[in-house]
>>> print(open('my_file-v3.tsv').read())   # TSV, C-alpha atoms and all ligand atoms
chain	number	residue	atom	x	y	z
A	17	MET	CA	210.96	132.17	159.47
A	18	LEU	CA	207.30	133.06	159.87
A	19	SER	CA	204.61	130.44	159.43
A	20	GLN	CA	200.96	130.68	158.44
A	21	LEU	CA	200.24	130.20	162.15
A	22	ASN	CA	201.47	133.76	162.82
A	23	ILE	CA	198.66	135.36	160.79
A	24	ALA	CA	195.62	134.84	163.06
A	25	PRO	CA	197.36	135.93	166.30
A	26	THR	CA	198.66	139.05	164.52
A	27	LEU	CA	195.13	139.97	163.39
A	28	ALA	CA	193.74	139.22	166.86
A	29	GLU	CA	196.39	141.42	168.47
A	30	PHE	CA	195.64	144.23	166.02
A	31	PHE	CA	191.91	144.11	166.80
A	32	ASP	CA	192.67	143.58	170.50
A	33	VAL	CA	190.67	140.37	170.85
A	34	PRO	CA	191.82	137.21	172.68
A	35	LEU	CA	193.03	134.26	170.58
A	36	THR	CA	195.02	131.24	171.76
A	37	ALA	CA	197.43	130.28	168.98
A	38	GLN	CA	200.54	128.17	168.47
A	39	ALA	CA	202.53	131.17	167.23
A	40	ARG	CA	203.16	134.80	168.18
A	41	PRO	CA	201.87	138.00	166.60
A	42	VAL	CA	204.33	139.57	164.14
A	43	GLU	CA	205.62	142.90	165.49
A	44	GLN	CA	206.61	144.23	162.07
A	45	ILE	CA	203.09	143.67	160.71
A	46	LEU	CA	201.50	145.22	163.79
A	47	LYS	CA	203.70	148.30	163.50
A	48	PHE	CA	202.74	148.64	159.83
A	49	ALA	CA	199.04	148.19	160.63
A	50	TYR	CA	199.03	150.62	163.57
A	51	SER	CA	200.77	153.28	161.49
A	52	HIS	CA	198.22	152.99	158.65
A	53	LYS	CA	195.12	152.86	160.92
A	54	PRO	CA	193.06	150.88	158.38
A	55	SER	CA	189.26	151.02	158.58
A	56	VAL	CA	189.07	147.43	157.33
A	57	VAL	CA	191.44	144.47	156.87
A	58	LEU	CA	191.11	142.03	153.97
A	59	LEU	CA	192.81	138.65	154.31
A	60	MET	CA	193.05	137.20	150.83
A	61	VAL	CA	194.20	133.61	150.30
A	62	ILE	CA	195.40	132.78	146.80
A	63	ASP	CA	195.13	129.03	146.34
A	64	SER	CA	198.40	127.29	145.33
A	65	LEU	CA	200.43	130.52	145.32
A	66	ASP	CA	203.72	129.31	146.78
A	67	PHE	CA	206.94	131.29	146.97
A	68	PRO	CA	208.68	129.69	143.97
A	69	PHE	CA	205.52	130.34	141.89
A	70	TYR	CA	205.42	133.94	143.11
A	71	THR	CA	208.97	134.54	141.83
A	72	GLU	CA	208.84	132.38	138.68
A	73	PHE	CA	205.63	134.06	137.45
A	74	ALA	CA	206.62	137.56	138.60
A	75	ALA	CA	205.94	139.09	135.16
A	76	ASP	CA	202.38	137.74	135.11
A	77	LEU	CA	201.86	138.60	138.77
A	78	ARG	CA	203.05	142.18	138.20
A	79	ALA	CA	200.04	143.75	139.95
A	80	ILE	CA	200.78	141.75	143.11
A	81	HIS	CA	204.53	142.47	143.08
A	82	GLU	CA	203.71	146.17	142.71
A	83	LEU	CA	201.76	146.07	145.97
A	84	VAL	CA	204.99	145.05	147.73
A	85	GLU	CA	207.18	147.53	145.85
A	86	ARG	CA	204.89	150.46	146.73
A	87	ASP	CA	205.31	150.46	150.50
A	88	GLY	CA	204.39	146.85	151.30
A	89	LEU	CA	205.89	144.07	153.41
A	90	LEU	CA	206.83	140.68	151.97
A	91	PHE	CA	207.62	137.64	154.11
A	92	VAL	CA	208.63	134.12	153.20
A	93	CYS	CA	206.18	132.10	155.21
A	94	GLU	CA	206.27	128.37	155.99
A	95	THR	CA	203.09	126.40	155.25
A	96	VAL	CA	201.42	124.03	157.69
A	97	ASN	CA	201.86	121.34	155.04
A	98	SER	CA	198.32	120.29	154.19
A	99	PRO	CA	195.59	120.66	151.54
A	100	THR	CA	193.34	123.71	151.27
A	101	THR	CA	190.71	123.24	154.01
A	102	PRO	CA	193.08	122.46	156.92
A	103	ALA	CA	195.52	125.11	155.65
A	104	ILE	CA	192.81	127.78	155.72
A	105	GLY	CA	191.78	126.42	159.13
A	106	SER	CA	195.33	127.10	160.35
A	107	ILE	CA	195.47	130.55	158.76
A	108	LEU	CA	192.22	131.53	160.51
A	109	THR	CA	192.92	129.96	163.92
A	110	GLY	CA	196.70	130.06	164.36
A	111	LEU	CA	196.62	126.33	165.22
A	112	ARG	CA	198.09	123.28	163.49
A	113	PRO	CA	195.54	121.00	161.74
A	114	GLU	CA	195.81	118.30	164.45
A	115	SER	CA	194.82	120.97	166.99
A	116	HIS	CA	191.96	122.69	165.10
A	117	GLY	CA	190.63	119.45	163.56
A	118	ILE	CA	189.22	121.14	160.43
A	119	PHE	CA	189.84	118.82	157.49
A	120	THR	CA	186.49	118.97	155.63
A	121	ASN	CA	183.64	121.47	155.21
A	122	GLU	CA	181.59	119.41	157.70
A	123	ASP	CA	184.32	119.93	160.30
A	124	VAL	CA	183.95	123.72	159.89
A	125	GLY	CA	180.45	123.54	161.41
A	126	LYS	CA	181.40	121.05	164.13
A	127	SER	CA	184.67	122.59	165.28
A	128	LYS	CA	184.70	124.03	168.81
A	129	ILE	CA	187.73	126.12	167.85
A	130	LYS	CA	186.78	129.63	166.81
A	131	SER	CA	188.35	131.41	163.86
A	132	VAL	CA	189.62	134.95	164.25
A	133	LEU	CA	186.46	136.06	162.39
A	134	GLU	CA	184.15	134.50	164.99
A	135	ILE	CA	186.27	135.88	167.85
A	136	LEU	CA	185.91	139.37	166.36
A	137	GLU	CA	182.13	138.85	166.03
A	138	ASP	CA	181.97	137.85	169.73
A	139	ALA	CA	183.73	141.12	170.55
A	140	GLY	CA	181.09	143.06	168.59
A	141	HIS	CA	183.04	143.63	165.34
A	142	LYS	CA	181.46	142.77	161.99
A	143	THR	CA	183.34	140.41	159.72
A	144	ALA	CA	182.77	138.87	156.29
A	145	LEU	CA	183.57	135.69	154.45
A	146	VAL	CA	183.70	135.14	150.68
A	147	LEU	CA	184.22	131.44	150.02
A	148	GLU	CA	183.08	128.35	148.17
A	149	THR	CA	179.46	127.63	149.22
A	150	GLY	CA	180.28	124.39	151.06
A	151	GLY	CA	182.89	126.05	153.25
A	152	ALA	CA	180.84	129.21	153.77
A	153	ARG	CA	177.50	127.62	154.74
A	154	PRO	CA	178.56	126.39	158.22
A	155	LEU	CA	179.51	129.97	159.15
A	156	LEU	CA	176.09	131.46	158.33
A	157	GLY	CA	174.83	133.14	161.47
A	158	LYS	CA	178.32	133.17	163.02
A	159	VAL	CA	179.82	135.76	160.67
A	160	SER	CA	177.88	138.96	159.76
A	161	TYR	CA	178.30	138.80	155.99
A	162	VAL	CA	178.67	135.43	154.30
A	163	PHE	CA	178.98	135.12	150.52
A	164	GLY	CA	179.10	131.61	149.11
A	165	VAL	CA	180.09	130.95	145.50
A	166	ASP	CA	179.18	127.55	144.05
A	167	ASP	CA	182.10	125.51	142.76
A	168	ARG	CA	182.05	125.15	138.98
A	169	GLU	CA	184.07	124.00	136.00
A	170	ASP	CA	184.73	127.58	134.86
A	171	ILE	CA	187.14	128.62	137.60
A	172	VAL	CA	187.81	132.01	135.98
A	173	GLU	CA	184.10	132.77	136.32
A	174	TYR	CA	184.26	131.46	139.91
A	175	ASP	CA	187.10	133.86	140.78
A	176	GLU	CA	185.27	136.70	139.04
A	177	LEU	CA	182.30	136.14	141.40
A	178	ILE	CA	184.59	135.93	144.43
A	179	LYS	CA	186.18	139.21	143.35
A	180	ARG	CA	182.80	140.94	142.89
A	181	HIS	CA	181.49	139.81	146.28
A	182	THR	CA	184.76	140.85	147.94
A	183	ILE	CA	184.61	144.33	146.39
A	184	SER	CA	180.93	144.71	147.29
A	185	VAL	CA	181.38	143.70	150.93
A	186	LEU	CA	184.28	146.15	151.24
A	187	LYS	CA	181.70	148.89	150.62
A	188	LYS	CA	179.95	148.05	153.89
A	189	HIS	CA	181.26	150.62	156.31
A	190	ASP	CA	180.82	148.54	159.45
A	191	VAL	CA	182.89	145.55	158.32
A	192	ARG	CA	186.31	145.28	160.03
A	193	LEU	CA	187.78	142.01	158.73
A	194	VAL	CA	187.05	140.23	155.45
A	195	PHE	CA	188.31	136.78	154.44
A	196	SER	CA	188.31	135.79	150.78
A	197	HIS	CA	189.81	132.95	148.71
A	198	ILE	CA	190.52	132.74	144.95
A	199	ARG	CA	191.40	129.51	143.18
A	200	ALA	CA	192.31	129.84	139.49
A	201	ILE	CA	196.04	129.09	139.92
A	202	ASP	CA	195.28	125.90	141.85
A	203	ARG	CA	192.76	124.62	139.30
A	204	PHE	CA	195.02	125.41	136.33
A	205	ALA	CA	198.00	123.72	138.04
A	206	HIS	CA	196.02	120.56	138.85
A	207	ARG	CA	194.84	120.32	135.25
A	208	GLY	CA	198.21	121.10	133.70
A	209	TRP	CA	196.81	124.22	131.96
A	210	ASP	CA	198.63	127.46	131.10
A	211	LEU	CA	199.82	128.88	134.41
A	212	HIS	CA	200.77	132.21	132.87
A	213	ALA	CA	197.09	132.73	132.02
A	214	ALA	CA	196.03	131.75	135.56
A	215	ALA	CA	198.61	134.07	137.10
A	216	ARG	CA	197.49	136.98	134.92
A	217	VAL	CA	193.79	136.49	135.75
A	218	THR	CA	194.67	136.30	139.44
A	219	ALA	CA	196.82	139.43	139.32
A	220	GLU	CA	194.08	141.38	137.54
A	221	ASN	CA	191.55	140.30	140.16
A	222	MET	CA	193.96	141.39	142.87
A	223	ARG	CA	194.46	144.74	141.14
A	224	ALA	CA	190.70	145.41	141.29
A	225	ILE	CA	190.48	144.21	144.89
A	226	ALA	CA	193.47	146.37	145.91
A	227	LYS	CA	191.73	149.39	144.36
A	228	ALA	CA	188.61	148.69	146.43
A	229	ILE	CA	190.77	148.35	149.57
A	230	SER	CA	192.49	151.62	148.76
A	231	THR	CA	189.21	153.56	148.62
A	232	ARG	CA	188.52	152.33	152.19
A	233	ASN	CA	192.06	153.09	153.40
A	234	GLY	CA	192.20	149.39	154.19
A	235	LEU	CA	194.95	146.91	154.92
A	236	LEU	CA	195.44	144.06	152.47
A	237	VAL	CA	197.02	140.80	153.63
A	238	ILE	CA	197.71	138.22	150.92
A	239	CYS	CA	199.07	134.71	151.33
A	240	GLY	CA	199.14	131.31	149.66
A	241	ASP	CA	197.60	128.26	151.33
A	242	HIS	CA	200.08	125.53	150.31
A	243	GLU	CA	202.67	124.56	147.70
A	244	THR	CA	201.56	124.69	144.06
A	245	HIS	CA	199.89	121.38	143.19
A	246	PHE	CA	201.21	120.56	139.72
A	247	LYS	CA	199.71	117.87	137.51
A	248	ASP	CA	202.91	116.47	136.00
A	249	LYS	CA	205.84	118.28	137.56
A	250	LYS	CA	207.60	116.88	140.60
A	251	GLN	CA	206.07	118.16	143.84
A	252	ARG	CA	207.94	120.78	145.83
A	253	ILE	CA	210.09	119.83	148.78
A	254	LEU	CA	208.06	120.18	151.99
A	255	PRO	CA	207.53	122.11	154.19
A	256	ALA	CA	206.81	124.60	151.46
A	257	THR	CA	206.98	128.36	151.60
A	258	VAL	CA	204.35	130.89	150.49
A	259	PRO	CA	204.52	134.66	150.15
A	260	LEU	CA	202.84	136.68	152.91
A	261	ILE	CA	202.20	140.23	151.75
A	262	VAL	CA	200.96	143.09	153.90
A	263	CYS	CA	200.21	146.38	152.19
A	264	SER	CA	198.03	149.44	152.27
A	265	PRO	CA	197.45	150.16	148.58
A	301	ZN	ZN	194.52	125.06	148.07
>>> encode(input="my_file-v3.tsv", output="structure tokens", more="lines below")
Ligand SMILES: [Zn+2]
Amino acid sequence: MLSQLNIAPTLAEFFDVPLTAQARPVEQILKFAYSHKPSVVLLMVIDSLDFPFYTEFAADLRAIHELVERDGLLFVCETVNSPTTPAIGSILTGLRPESHGIFTNEDVGKSKIKSVLEILEDAGHKTALVLETGGARPLLGKVSYVFGVDDREDIVEYDELIKRHTISVLKKHDVRLVFSHIRAIDRFAHRGWDLHAAARVTAENMRAIAKAISTRNGLLVICGDHETHFKDKKQRILPATVPLIVCSP
């Protein structure tokens, strides 16, 4: 089974930049990417989207399932078993949390380990980051385009801003890799709110983002960061699995 650690080395291999990871590039994804020759790659993390959630809420997540059904790849991918910040650290470095040491936003600035975005920048490729302000700030000056969105109570509004920034940065013709992170499902799950509503909002955001990717002939990579964090329900058995989707909408 693939793990989230396979993502960064696969992207590095695709862009032909050096990255030392604890997992191998995925041949099937590389083949798909090479055959589509995308002008830009968007790596989209959907917070708390685990594999059981992806199947249970399939009707609400229609727009995401359609991306797979229309010529996409879907993998069941093992998580690195941690909360959001270290999980994203692993997705972007290909290293386990104990190796990349990124557990808080402060660690992002202090870490000597470079993310695949920074490695691309070093090789002269422009990259972009659309993230919560605290996590984005340490990467100012290291990544060409940084969009921070302040955390807020209205998480639907938060995701709307993430979506808008993601779509607007995809219009920049020199950007090669974009990382973005939406959070409504996670917030709704933590609070015990209606998950159908969260799934529908997320799917509609992804529909708009996929459309923007399509106008750039881009590659869209979607994955969850960890198991769904429910308020009342029993937690999933760990290690959890998340969907990893690769498509060219
Ligand atoms: Zn998370």
>>> closest_residue(input="my_file-v3.tsv", among="A:Asp66, A:Asp32, A:Glu85, A:Glu94", to="ligand ZN 301 (chain A)", atoms="all atoms listed in the file")
A:Asp66
>>> residues_around(input="my_file-v3.tsv", residues="His81 (chain A)", least_positions_apart="2", cutoff="12 Å", atoms="only C-alpha atoms", output="VMD selection string")
chain A and resid 70 to 79 83 to 90 215 219 to 220 222 to 223 238 259 to 263 265
>>> write_last_selection(input="my_file-v3.tsv", atoms="C-alpha atoms", output="PDB file, in the coordinates of the input")
ATOM      1  CA  TYR A  70     205.420 133.940 143.110  1.00  0.00           C
ATOM      2  CA  THR A  71     208.970 134.540 141.830  1.00  0.00           C
ATOM      3  CA  GLU A  72     208.840 132.380 138.680  1.00  0.00           C
ATOM      4  CA  PHE A  73     205.630 134.060 137.450  1.00  0.00           C
ATOM      5  CA  ALA A  74     206.620 137.560 138.600  1.00  0.00           C
ATOM      6  CA  ALA A  75     205.940 139.090 135.160  1.00  0.00           C
ATOM      7  CA  ASP A  76     202.380 137.740 135.110  1.00  0.00           C
ATOM      8  CA  LEU A  77     201.860 138.600 138.770  1.00  0.00           C
ATOM      9  CA  ARG A  78     203.050 142.180 138.200  1.00  0.00           C
ATOM     10  CA  ALA A  79     200.040 143.750 139.950  1.00  0.00           C
ATOM     11  CA  LEU A  83     201.760 146.070 145.970  1.00  0.00           C
ATOM     12  CA  VAL A  84     204.990 145.050 147.730  1.00  0.00           C
ATOM     13  CA  GLU A  85     207.180 147.530 145.850  1.00  0.00           C
ATOM     14  CA  ARG A  86     204.890 150.460 146.730  1.00  0.00           C
ATOM     15  CA  ASP A  87     205.310 150.460 150.500  1.00  0.00           C
ATOM     16  CA  GLY A  88     204.390 146.850 151.300  1.00  0.00           C
ATOM     17  CA  LEU A  89     205.890 144.070 153.410  1.00  0.00           C
ATOM     18  CA  LEU A  90     206.830 140.680 151.970  1.00  0.00           C
ATOM     19  CA  ALA A 215     198.610 134.070 137.100  1.00  0.00           C
ATOM     20  CA  ALA A 219     196.820 139.430 139.320  1.00  0.00           C
ATOM     21  CA  GLU A 220     194.080 141.380 137.540  1.00  0.00           C
ATOM     22  CA  MET A 222     193.960 141.390 142.870  1.00  0.00           C
ATOM     23  CA  ARG A 223     194.460 144.740 141.140  1.00  0.00           C
ATOM     24  CA  ILE A 238     197.710 138.220 150.920  1.00  0.00           C
ATOM     25  CA  PRO A 259     204.520 134.660 150.150  1.00  0.00           C
ATOM     26  CA  LEU A 260     202.840 136.680 152.910  1.00  0.00           C
ATOM     27  CA  ILE A 261     202.200 140.230 151.750  1.00  0.00           C
ATOM     28  CA  VAL A 262     200.960 143.090 153.900  1.00  0.00           C
ATOM     29  CA  CYS A 263     200.210 146.380 152.190  1.00  0.00           C
ATOM     30  CA  PRO A 265     197.450 150.160 148.580  1.00  0.00           C
TER      31      PRO A 265
END
>>> closest_residue(input="my_file-v3.tsv", among="A:Met17, A:Val237, A:Ala205, A:Cys93", to="ligand ZN 301 (chain A)", atoms="only C-alpha atoms and all ligand atoms")
A:Ala205
>>> closest_atom_pairs(input="my_file-v3.tsv", of="chain A", to="ligand ZN 301 (chain A)", cutoff="9 Å", atoms="all atoms listed in the file", output="Markdown table")
| residue | atom | partner | partner_atom | distance |
| --- | --- | --- | --- | --- |
| A:Val61 | CA | A:ZN301 | ZN | 8.8 |
| A:Ile62 | CA | A:ZN301 | ZN | 7.9 |
| A:Asp63 | CA | A:ZN301 | ZN | 4.4 |
| A:Ser64 | CA | A:ZN301 | ZN | 5.2 |
| A:Leu65 | CA | A:ZN301 | ZN | 8.5 |
| A:Ser98 | CA | A:ZN301 | ZN | 8.6 |
| A:Pro99 | CA | A:ZN301 | ZN | 5.7 |
| A:Thr100 | CA | A:ZN301 | ZN | 3.7 |
| A:Thr101 | CA | A:ZN301 | ZN | 7.3 |
| A:Ala103 | CA | A:ZN301 | ZN | 7.6 |
| A:Ile104 | CA | A:ZN301 | ZN | 8.3 |
| A:Arg199 | CA | A:ZN301 | ZN | 7.3 |
| A:Asp202 | CA | A:ZN301 | ZN | 6.3 |
| A:Arg203 | CA | A:ZN301 | ZN | 9.0 |
| A:Gly240 | CA | A:ZN301 | ZN | 7.9 |
| A:Asp241 | CA | A:ZN301 | ZN | 5.5 |
| A:His242 | CA | A:ZN301 | ZN | 6.0 |
| A:Glu243 | CA | A:ZN301 | ZN | 8.2 |
| A:Thr244 | CA | A:ZN301 | ZN | 8.1 |
| A:His245 | CA | A:ZN301 | ZN | 8.1 |
>>> residues_around(input="my_file-v3.tsv", residues="Phe163 (chain A)", least_positions_apart="5", cutoff="8 Å", atoms="all atoms listed in the file", output="ChimeraX atom specification")
/A:144-147,149,152,181
>>> closest_residue(input="my_file-v3.tsv", among="A:Phe195, A:Phe30, A:Leu177, A:Ile229", to="Val162 (chain A)", atoms="all atoms listed in the file")
A:Phe195
>>> residues_around(input="my_file-v3.tsv", residues="Asn233 (chain A)", least_positions_apart="6", cutoff="8 Å", atoms="only C-alpha atoms", output="ChimeraX atom specification")
/A:54-56,264-265
>>> residues_near_point(input="my_file-v3.tsv", point="(196.5, 125.9, 159.3)", cutoff="9 Å", atoms="all atoms listed in the file", output="VMD selection string")
chain A and resid 20 to 21 95 to 98 100 to 113 116 118 241
>>> closest_residue(input="my_file-v3.tsv", among="A:Asn22, A:Thr143, A:Ser160, A:Asn221", to="Asp175 (chain A)", atoms="all atoms listed in the file")
A:Asn221
>>> atom_distance(input="my_file-v3.tsv", atom1="CA of Asp248 (chain A)", atom2="CA of Ile80 (chain A)")
26.3 Å
